[in-house]
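Inspection log for the structure reproduced underneath, given as structure tokens.
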There are 2 protein chains.
Amino acid sequence: MGRLRELFAPATVAVVGATDREGAVGRAILENLQADFDGEIIPINPNRESVLGETCYPDVESAPDVDLSVIVVPPPIVLEAIRESATAGVKNVVVITAGFAETGGDGAARERELEALAAEYDLNLVGPNSLGTMNTRNGMNATFGPENALEGGVSFMSQSGAFITAVLDWANEQGIGFRDVVSLGNKTVLDETDFVEEWGSDPETDVIIGYLEGIDRGDRFVETAREVSKETPIVLVKSGRTDAGAQAASSHTGAIAGSEAAYETGLEQAGVLRARSVQELFDWARALSGLPMPKSEGVAVVTNAGGPGVLTTDAVGDADLEMASFTDETIEALGESMPDEANIYNPIDVIGDADITRFEKALDIALSDPNVGSAVVVSAPTAVLEYDRLAEVVIEQRERHQKPVVTSLMGGSRSRAAEDVLRDFGIPNYFDPARAVSGLNALAKYRSITDQTTADPTTFDVDRDRAREILETARDRTGNRLGVEAMELLEAYGIPTPSGEIVDDPADAETVAADIDGDVVLKIVSPDISHKSDIGGVRVGVSDEDVYDAYEDVVAKARNYQPDATILGVQVQEMLDLEGSTETIIGMNRDPQFGPLILFGLGGIFVEILEDTSLRVAPISESDAQEMVDDITAAPLLRGARGREPADIDAIVESLQRLSQLVTDFPAILELDVNPLVVGPDGAQAIDLRLTVDTEEL
Amino acid sequence: MGRLRELFAPATVAVVGATDREGAVGRAILENLQADFDGEIIPINPNRESVLGETCYPDVESAPDVDLSVIVVPPPIVLEAIRESATAGVKNVVVITAGFAETGGDGAARERELEALAAEYDLNLVGPNSLGTMNTRNGMNATFGPENALEGGVSFMSQSGAFITAVLDWANEQGIGFRDVVSLGNKTVLDETDFVEEWGSDPETDVIIGYLEGIDRGDRFVETAREVSKETPIVLVKSGRTDAGAQAASSHTGAIAGSEAAYETGLEQAGVLRARSVQELFDWARALSGLPMPKSEGVAVVTNAGGPGVLTTDAVGDADLEMASFTDETIEALGESMPDEANIYNPIDVIGDADITRFEKALDIALSDPNVGSAVVVSAPTAVLEYDRLAEVVIEQRERHQKPVVTSLMGGSRSRAAEDVLRDFGIPNYFDPARAVSGLNALAKYRSITDQTTADPTTFDVDRDRAREILETARDRTGNRLGVEAMELLEAYGIPTPSGEIVDDPADAETVAADIDGDVVLKIVSPDISHKSDIGGVRVGVSDEDVYDAYEDVVAKARNYQPDATILGVQVQEMLDLEGSTETIIGMNRDPQFGPLILFGLGGIFVEILEDTSLRVAPISESDAQEMVDDITAAPLLRGARGREPADIDAIVESLQRLSQLVTDFPAILELDVNPLVVGPDGAQAIDLRLTVDTEEL
């Protein structure tokens with residue numbers, strides 16, 4: 001049983017601020033509790049003897065044992081009310097009262113005090129500014145919303161109370177049932193991660209769904225959700241996806257919106273199914289809570305209507321699903337039992353004059369096929385087909401074969417009765433076949449999440465102390481930025497760099513060049529000059545005898561360009577054979593919510609113009625790194641498209657993991673770019689580097 | 001009045017094959033006509049005196065004047081029945097009977113005879129294999145479907161009869177009304193283009209919608225729909241979008257599926273809004289038939305619920321819409337009339353305690369803003385807000401401001417009454433705000449279609465005779481393929497090529513090279529050798545003195561590679577300065593449905609790996625060609641990204657138009673690729689060419 005079970009399943013609930021005044025929130029909550037709650041309800045109000053027929057107590061201390069306090073007193077006395085509950089031994093508190101951080105100023109100060117108070121007494125605290133909580137198993141509706149939820153297996157959290165109100169009214173009509181419901185409010189103490197964790201350990205929760213406008217500690221969320229999603233599907237709408245939406249969310253919650261790219265990748269790594277709309281959220285939740293998991297991707301479509309059958313096939317093609325290839329036995333069995341005009345290949349068209357027996361036969365044969373993981377039954381109304389009977393057949397066949405079946409019994413009033421029957425058995429019916437397929441697609445997506453084996457990130461043997469020493473040098477640099485002079489940082493973490501050295505004397509340059517096979521590259525090293533090539537600060541293909549003059553030349557060019565530039569020296573570097581190799585970029589940006597985001601892409605136009613990059617939240621495993629490479633559109637170029645020699649992808653994969661380890665080990669690194677990481681057929685080499693360090697964090 | 005008006009509005013309808021036999025199609029149609037039809041119904045059946053109370057005639061000839069014959073006799077006597085109607089002067093025929101091309105063999109032969117017969121008598125013939133036709137204005141339901149449609153402004157065609165049956169049952173429940181309905185059947189005579197044309201000239205059709213599995217003559221359809229869509233929106237589901245779907249459609253209709261890319265671009269050029277699902281089809285049709293057109297893209301969102309407001313803003317961000325920026329006057333007016341906690345910036349949050357007056361005020365102020373083209377009203381149910389009243393306010397404000405307003409009054413049973421009121425005024429209400437926004441998006445998309453000024457393609461002065469002469473040479477070539485030896489074809493149409501000539505003697509090569517400034521390129525010219533560079537058949541940077549030897553060398557290499565190859569000679573070509581220029585591809589592929597499809601992309605990996613190309617159906621105008629260049633993701637490279645000199649885009653645009661003219665003038669050109677067309681800062685040059693000619697067509 002989870003840490004928060006008592007919050008949802010208290011034996012006694014105190015309503016602190018209960019009243020019988022019409023229109024008051026304190027009355028609405030009491031009434032909602034009175035409606036269905038199995039436990040004891042204790043109104044707390046020093047000015048009343050009883051409220052709505054319940055004996056009233058002046059304070060929690062004097063009341064019988066309380067498991068949960070619901071606080072609805074005015075803002076100025078909320079903290080006092082919470083302390084009173086806490087000293088009386090109450091561990092679970094839901095703060096309905098608004099007027100905290102969302103109002104700024106005094107409210108924000110009050111919220112900080114509330115947070116400290118909760119920490120002091122180790123409270124499980126929901127809110128403030130919450131609509132409340134529900135648990136349908138014990139009938140507890142501790143919200144001031146207009147109605148209670150139906151019983152079901154969906155646990156639901158929402159950062160918007162109004163969204164809960166809207167959804168419940170609709171869900172009750174649609175017959176969608178819930179397990180627990182929580183309005184997160186300002187999430188001062190308990191947030192989305194806590195509830196994901198709680199419901200992950202709750203056997204009565206089939207599916208976790210949520211409406212969120214932000215995730216506060218993205219790294220913690222990813223870690224928790226990744227575990228939970230192996231056992232319990234999580235479907236979220238995270239709003240503020242678009243620029244306009246992010247702005248609206250931020251003005252609504254007062255929270256800083258994280259970057260959409262970070263949410264996108266973070267939620268995916270967490271195994272969360274991200275719905276883009278309310279409709280998708282519930283279409284997916286229904287399928288995930290009501291249907292068995294398919295054992296394979298193959299979908300069979302059984303229909304009495306050619307056109308809708310084609311539409312359904314398109315929807316399968318759009319999804320992460322495929323039309324099942326029937327076995328010879330299936331084709332034969334269908335051939336024997338269907339009329340000549342029928343189509344016995346997938347989609348099976350039992351044609352317009354099909355009665356219930358033919359439909360049943362076709363569905364039974366299709367579901368018997370081992371290549372069929374799930375089925376969609378699509379029909380147009382005809383004179384010879386009763387939808388009620390068809391609904392029963394679908395239910396029977398689903399039970400018989402234990403495979404998910406969804407339906408699009410198309411029509412209006414004539415499909416309603418069948419719809420009700422299907423719903424009772426967890427099968428959603430939609431007018432649009434694409435929505436039925438969308439539900440199956442959610443199952444397929446979830447199956448692929450559970451199929452993923454998440455390996456732990458590899459820990460490489462690195463020289464952490466040396467890395468720290470180099471990062472420390474950022475203290476002396478403008479803006480705490482480091483460049484090519486910090487290449488040893490990469491070496492310390494095993495990311496290959498060309499041989500070479502930074503020198504501050506032309507004679508030393510000659511010595512270094514002499515030790516390097518072949519020609520060398522000379523580059524000015526200055527934190528003040530970023531476009532080195534443009535100002536003549538780079539010389540390539542310099543032979544040993546020309547090194548001295550070339551040194552003088554690049555220094556002169558730099559001085560000429562910017563007389564007051566700090567010049568750290570000149571880098572004398574091995575000249576790589578770039579023929580047949582590819583420039584890539586590996587980098588990191590630290591997201592306020594999710595922490596270090598690792599980036600991979602091909603260099604130049606691929607990143608800048610085509611924006612062909614992939615991202616992952618660090619730390620990443622080997623398979624994450626491999627996926628990052630595979631995810632970019634230009635990946636075939638690395639694999640040897642158009643007669644090129646294949647690049648050493650393993651070297652990229654390893655460099656990405658080593659970079660991940662570096663930025664995980666040093667939270668002080670705020671951003672870092674290796675551009676380019678040149679990848680040839682045999683290995684990768686980091687050619688240039690830029691990073692910014694938060695030296696306070698070192 | 002359109003050519004087909006009498007088909008939908010006959011004064012008298014004959015049902016040829018009418019019967020009172022239970023379960024017979026001939027009975028179902030008669031009953032459906034009897035239900036509502038304003039005109040005269042004439043059963044035709046030589047074996048009956050009367051059918052279902054209507055006087056029966058042995059044949060159409062002996063009956064009173066017939067405007068429309070609906071044919072339901074068995075397949076073998078269909079042709080005879082049609083001829084009988086035609087000789088009696090009937091021009092409009094709906095053939096319900098199936099058993100034609102869709103069954104293959106005899107049926108296909110029968111369908112060809114039917115086509116000839118219709119042509120002989122110039123019949124307006126629907127079907128065969130049709131569910132029938134409807135017109136709600138005169139109550140004519142000449143189908144064997146289970147129910148009649150409601151009256152409305154949507155004209156509806158479908159290649160699937162079952163789809164019509166399914167939709168009508170649902171639409172009647174949803175209150176969606178229709179003007180005309182036609183089940184296209186096998187489309188032997190009248191097809192989608194005919195009905196688009198008819199409804200385009202019908203003042204009572206507000207929106208044309210359709211379900212199609214294929215478009216038979218794409219070029220004719222594009223031409224017609226482009227005209228019609230300027231006045232009347234067209235929304236189509238064209239199924240078979242995906243590979244799986246295309247296969248299913250083709251096995252269902254027996255028609256060859258055209259390429260999805262051709263449909264995509266053809267429908268777009270035709271000004272058709274392409275819906276991807278049934279839900280989208282009707283969400284869009286509703287919005288387009290019920291709402292006024294917005295005058296600008298700016299959307300205002302008015303809500304009492306922060307979360308749903310953010311969701312709505314995301315949906316706006318996803319769409320071709322933008323959140324309106326309010327004027328200072330609007331902000332001021334909202335500031336004065338809203339409470340302090342409200343958000344007066346877009347989305348306007350009137351907050352949870354808003355009553356109807358506050359909602360009304362906010363909506364009125366928002367719609368008064370000149371930057372607001374349309375509005376979305378989103379609300380969660382609260383104790384202080386009656387949805388019925390909110391619906392009235394929405395309707396009043398819409399009338400007052402003449403701007404489209406859509407709603408998402410979220411909830412279940414408590415929103416139903418409001419929903420009915422809104423629907424009567426053409427405002428669709430959805431639980432999911434994203435669906436409400438989708439409707440507004442359809443209006444915005446349609447507005448941009450009507451805003452487009454379609455220029456006629458430019459006709460360039462070209463040497464058509466010379467082009468024909470060159471195309472004629474394909475008669476002598478294997479597979480009727482031409483290569484670089486046909487470069488003069490491009491010159492004849494004004495597409496620039498480097499100077500040079502094809503010679504078959506090394507001394508001639510020297511002469512040609514001497515006339516060209518600087519070094520030259522030598523290329524083997526052989527229809528049998530496609531990868532010229534790979535076999536050493538290309539030499540670049542050849543100086544005048546080396547030309548003789550280089551000639552011998554490329555010929556020797558070619559002979560060595562393939563001794564029996566036909567060698568047409570060696571091309572001696574001006575060597576272009578490729579520094580600072582970009583390789584592009586312009587090409588054409590002839591689609592069976594839509595005709596010549598012009599392609600543009602950057603060369604090499606951009607086309608082959610990144611598939612970054614744009615397509616248009618020829619002939620294309622200057623603005624089409626300009627759009628083709630702008631449409632590719634890599635377009636910034638041509639405009640001078642990353643410090644490059646901008647490419648001469650005008651030269652590409654002109655080359656594309658000239659290519660369009662060439663392939664339009666010569667339907668014999670089946671496919672053609674100019675690869676590369678090298679584009680520098682000052683002009684473009686076609687470097688290589690391949691084409692295939694259908695010499696029978698010349």
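Just so we're on the same page: first chain in the structure tokens is A, next is B, and so on; residues restart at 1 for each chain, and ligands are numbered from 1 in the order they show up.
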
I'd like the contact shell of Ala375 in chain B - 8 Å cut-off, only C-alpha atoms, skipping same-chain residues fewer than 6 positions apart - returned as a PyMOL selection string.
chain B and resi 299-302+366-367+403-406

Contact set, chain B to chain A: 7 Å, only C-alpha atoms, as a compact mmCIF listing (two decimals) with N, CA and C atoms, in the first residue's frame:
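Output (result10.txt):
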```
# COMPACT_ATOMS: atom_id res chain seq x y z
N SER B 160 -19.05 5.25 -51.52
CA SER B 160 -19.51 4.09 -50.75
C SER B 160 -20.94 4.34 -50.32
N ALA B 162 -22.68 2.40 -48.32
CA ALA B 162 -22.79 2.10 -46.89
C ALA B 162 -22.40 3.31 -46.06
N PHE B 163 -21.44 4.07 -46.55
CA PHE B 163 -21.00 5.25 -45.82
C PHE B 163 -22.16 6.25 -45.72
N THR B 165 -25.39 5.51 -45.71
CA THR B 165 -26.33 4.96 -44.74
C THR B 165 -25.88 5.25 -43.31
N ALA B 166 -24.59 5.01 -43.06
CA ALA B 166 -24.04 5.22 -41.72
C ALA B 166 -24.11 6.70 -41.33
N VAL B 167 -23.73 7.55 -42.27
CA VAL B 167 -23.69 8.98 -41.97
C VAL B 167 -25.08 9.54 -41.72
N ASP B 169 -27.84 8.16 -40.59
CA ASP B 169 -28.40 7.78 -39.30
C ASP B 169 -27.80 8.66 -38.20
N TRP B 170 -26.49 8.86 -38.30
CA TRP B 170 -25.78 9.65 -37.30
C TRP B 170 -26.11 11.14 -37.44
N ALA B 171 -26.13 11.63 -38.68
CA ALA B 171 -26.37 13.06 -38.92
C ALA B 171 -27.76 13.46 -38.46
N GLU B 173 -29.36 12.29 -35.97
CA GLU B 173 -29.29 12.45 -34.52
C GLU B 173 -28.57 13.74 -34.15
N SER B 239 -9.96 8.34 -49.28
CA SER B 239 -9.36 7.25 -48.52
C SER B 239 -8.31 6.53 -49.36
N GLY B 240 -7.63 5.60 -48.74
CA GLY B 240 -6.49 4.97 -49.41
C GLY B 240 -5.27 5.87 -49.32
N ARG B 241 -5.20 6.69 -48.25
CA ARG B 241 -4.06 7.58 -48.04
C ARG B 241 -2.79 6.80 -47.76
N THR B 242 -2.94 5.72 -46.96
CA THR B 242 -1.77 4.94 -46.58
C THR B 242 -1.61 3.77 -47.54
N ALA B 244 -1.54 0.62 -46.89
CA ALA B 244 -2.52 -0.41 -46.57
C ALA B 244 -3.90 0.01 -47.06
N GLY B 245 -4.23 1.27 -46.85
CA GLY B 245 -5.53 1.78 -47.25
C GLY B 245 -5.69 1.78 -48.76
N ALA B 248 -6.48 -1.65 -49.87
CA ALA B 248 -7.85 -2.02 -49.53
C ALA B 248 -8.82 -1.33 -50.49
N ALA B 249 -8.56 -0.05 -50.82
CA ALA B 249 -9.46 0.70 -51.71
C ALA B 249 -9.45 0.07 -53.09
N HIS B 252 -11.37 -3.00 -53.18
CA HIS B 252 -12.79 -2.72 -52.97
C HIS B 252 -13.46 -2.21 -54.25
N SER B 277 -10.32 12.16 -41.50
CA SER B 277 -11.21 11.21 -40.82
C SER B 277 -12.64 11.68 -40.97
N VAL B 278 -13.56 10.79 -40.64
CA VAL B 278 -14.98 11.11 -40.72
C VAL B 278 -15.31 12.27 -39.78
N GLN B 279 -14.71 12.22 -38.59
CA GLN B 279 -14.96 13.28 -37.61
C GLN B 279 -14.54 14.64 -38.16
N ALA B 305 -12.28 28.98 -17.13
CA ALA B 305 -11.48 27.89 -16.60
C ALA B 305 -10.08 27.95 -17.19
N GLY B 306 -9.09 28.19 -16.33
CA GLY B 306 -7.73 28.37 -16.80
C GLY B 306 -7.20 27.22 -17.63
N GLY B 307 -7.31 26.00 -17.10
CA GLY B 307 -6.75 24.84 -17.78
C GLY B 307 -7.32 24.65 -19.18
N PRO B 308 -8.65 24.53 -19.28
CA PRO B 308 -9.23 24.42 -20.62
C PRO B 308 -8.87 25.60 -21.52
N VAL B 310 -5.96 27.06 -21.58
CA VAL B 310 -4.62 26.76 -22.10
C VAL B 310 -4.72 25.70 -23.19
N LEU B 311 -5.55 24.69 -22.96
CA LEU B 311 -5.74 23.65 -23.97
C LEU B 311 -6.24 24.25 -25.29
N THR B 313 -5.78 27.31 -26.27
CA THR B 313 -4.69 28.10 -26.85
C THR B 313 -3.71 27.18 -27.60
N ASP B 314 -3.44 26.01 -27.03
CA ASP B 314 -2.60 25.04 -27.73
C ASP B 314 -3.22 24.64 -29.07
N GLY B 317 -2.63 27.24 -31.48
CA GLY B 317 -1.23 27.19 -31.91
C GLY B 317 -0.97 26.08 -32.92
N ASP B 318 -1.67 24.97 -32.78
CA ASP B 318 -1.51 23.85 -33.71
C ASP B 318 -2.11 24.16 -35.08
N PRO B 347 -5.59 34.14 -23.68
CA PRO B 347 -7.00 33.85 -23.45
C PRO B 347 -7.58 34.63 -22.26
N ALA B 380 -16.15 25.54 -18.08
CA ALA B 380 -16.39 24.40 -17.21
C ALA B 380 -17.70 24.69 -16.48
N PRO B 381 -18.43 23.64 -16.11
CA PRO B 381 -19.69 23.89 -15.40
C PRO B 381 -19.42 24.47 -14.01
N MET B 410 -18.08 22.65 -21.78
CA MET B 410 -17.67 21.30 -21.40
C MET B 410 -18.64 20.71 -20.38
N GLY B 411 -18.91 19.45 -20.56
CA GLY B 411 -19.79 18.78 -19.64
C GLY B 411 -20.55 17.69 -20.36
N GLY B 412 -21.36 16.96 -19.61
CA GLY B 412 -22.14 15.89 -20.21
C GLY B 412 -23.58 16.31 -20.34
N SER B 413 -24.45 15.68 -19.55
CA SER B 413 -25.88 15.94 -19.68
C SER B 413 -26.21 17.42 -19.50
N ASP B 432 -14.49 18.61 -26.40
CA ASP B 432 -13.06 18.88 -26.54
C ASP B 432 -12.85 20.23 -27.23
N ALA B 434 -10.37 21.37 -28.62
CA ALA B 434 -9.58 21.23 -29.84
C ALA B 434 -10.49 21.01 -31.05
N ILE B 609 17.84 11.02 -49.50
CA ILE B 609 17.80 10.61 -48.10
C ILE B 609 16.75 11.40 -47.33
N LEU B 610 16.76 12.70 -47.52
CA LEU B 610 15.86 13.53 -46.70
C LEU B 610 14.48 13.66 -47.34
N THR B 633 12.22 22.22 -47.17
CA THR B 633 12.80 22.58 -45.88
C THR B 633 14.15 23.27 -46.06
N ALA B 634 14.88 22.85 -47.09
CA ALA B 634 16.22 23.38 -47.29
C ALA B 634 16.21 24.71 -48.03
N PRO B 636 16.09 27.77 -47.19
CA PRO B 636 17.00 28.83 -46.74
C PRO B 636 18.39 28.74 -47.36
```

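Coordinates place CA of Val376 in chain B at a distance of 22.3 Å from CA of Val235 in chain B.
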
Going by DSSP on the backbone, which residues of range 455-539 of chain A come out as strand (DSSP E or B)? List them as JSON, numbers by chain.
{"A": [481, 482, 500, 501, 502, 503, 520, 521, 522, 523, 524, 525, 538, 539]}

Which is closer to Gly426 in chain B than all the others in B:Val94, B:Met338, B:Val484, B:Leu288, using only C-alpha atoms?
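Among the listed residues, B:Leu288 lies closest to Gly426 in chain B.
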
When you look at Glu697 in chain A with a cut-off of 12 Å (counting only C-alpha atoms), what residues show up, excluding the ones that are within fewer than 6 positions of it in the same chain? I need them as a VMD selection string.
chain A and resid 468 471 to 472 474 to 475 480 665 to 670

Create the file for the chosen residues now, containing C-alpha atoms and written as a PDB file, in the first residue's frame.
```
ATOM      1  CA  ARG A 468      37.169  19.336 -12.087  1.00  0.00           C
ATOM      2  CA  LEU A 471      36.236  23.334 -14.991  1.00  0.00           C
ATOM      3  CA  GLU A 472      37.750  25.374 -12.161  1.00  0.00           C
ATOM      4  CA  ALA A 474      36.337  28.872 -15.852  1.00  0.00           C
ATOM      5  CA  ARG A 475      36.427  31.048 -12.738  1.00  0.00           C
ATOM      6  CA  ASN A 480      32.580  31.503 -17.147  1.00  0.00           C
ATOM      7  CA  ASP A 665      28.796  14.223 -12.754  1.00  0.00           C
ATOM      8  CA  PHE A 666      29.102  18.013 -12.992  1.00  0.00           C
ATOM      9  CA  PRO A 667      25.814  19.873 -12.568  1.00  0.00           C
ATOM     10  CA  ALA A 668      27.999  22.970 -12.808  1.00  0.00           C
ATOM     11  CA  ILE A 669      28.191  22.549 -16.582  1.00  0.00           C
ATOM     12  CA  LEU A 670      25.279  24.640 -17.823  1.00  0.00           C
TER      13      LEU A 670
END
```

Pick out the residues sitting within 7 Å of Ala101 in chain A, and hand them over as a VMD selection string; count only C-alpha atoms, and ignore anything fewer than 4 positions along from it in its own chain.
chain A and resid 107 to 108 111

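Using only C-alpha atoms, the nearest neighbour of Val674 in chain B within the list B:Ala486, B:Ile535, B:Ala119, B:Ala550 is B:Ala486.
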
Neighbours of Val525 in chain B within 10 Å (only C-alpha atoms; same-chain residues fewer than 4 positions away dropped), as an NGL selection string?
:B and (483-485 or 502-504 or 529-530 or 532 or 537-538 or 554-555 or 558 or 566-571)
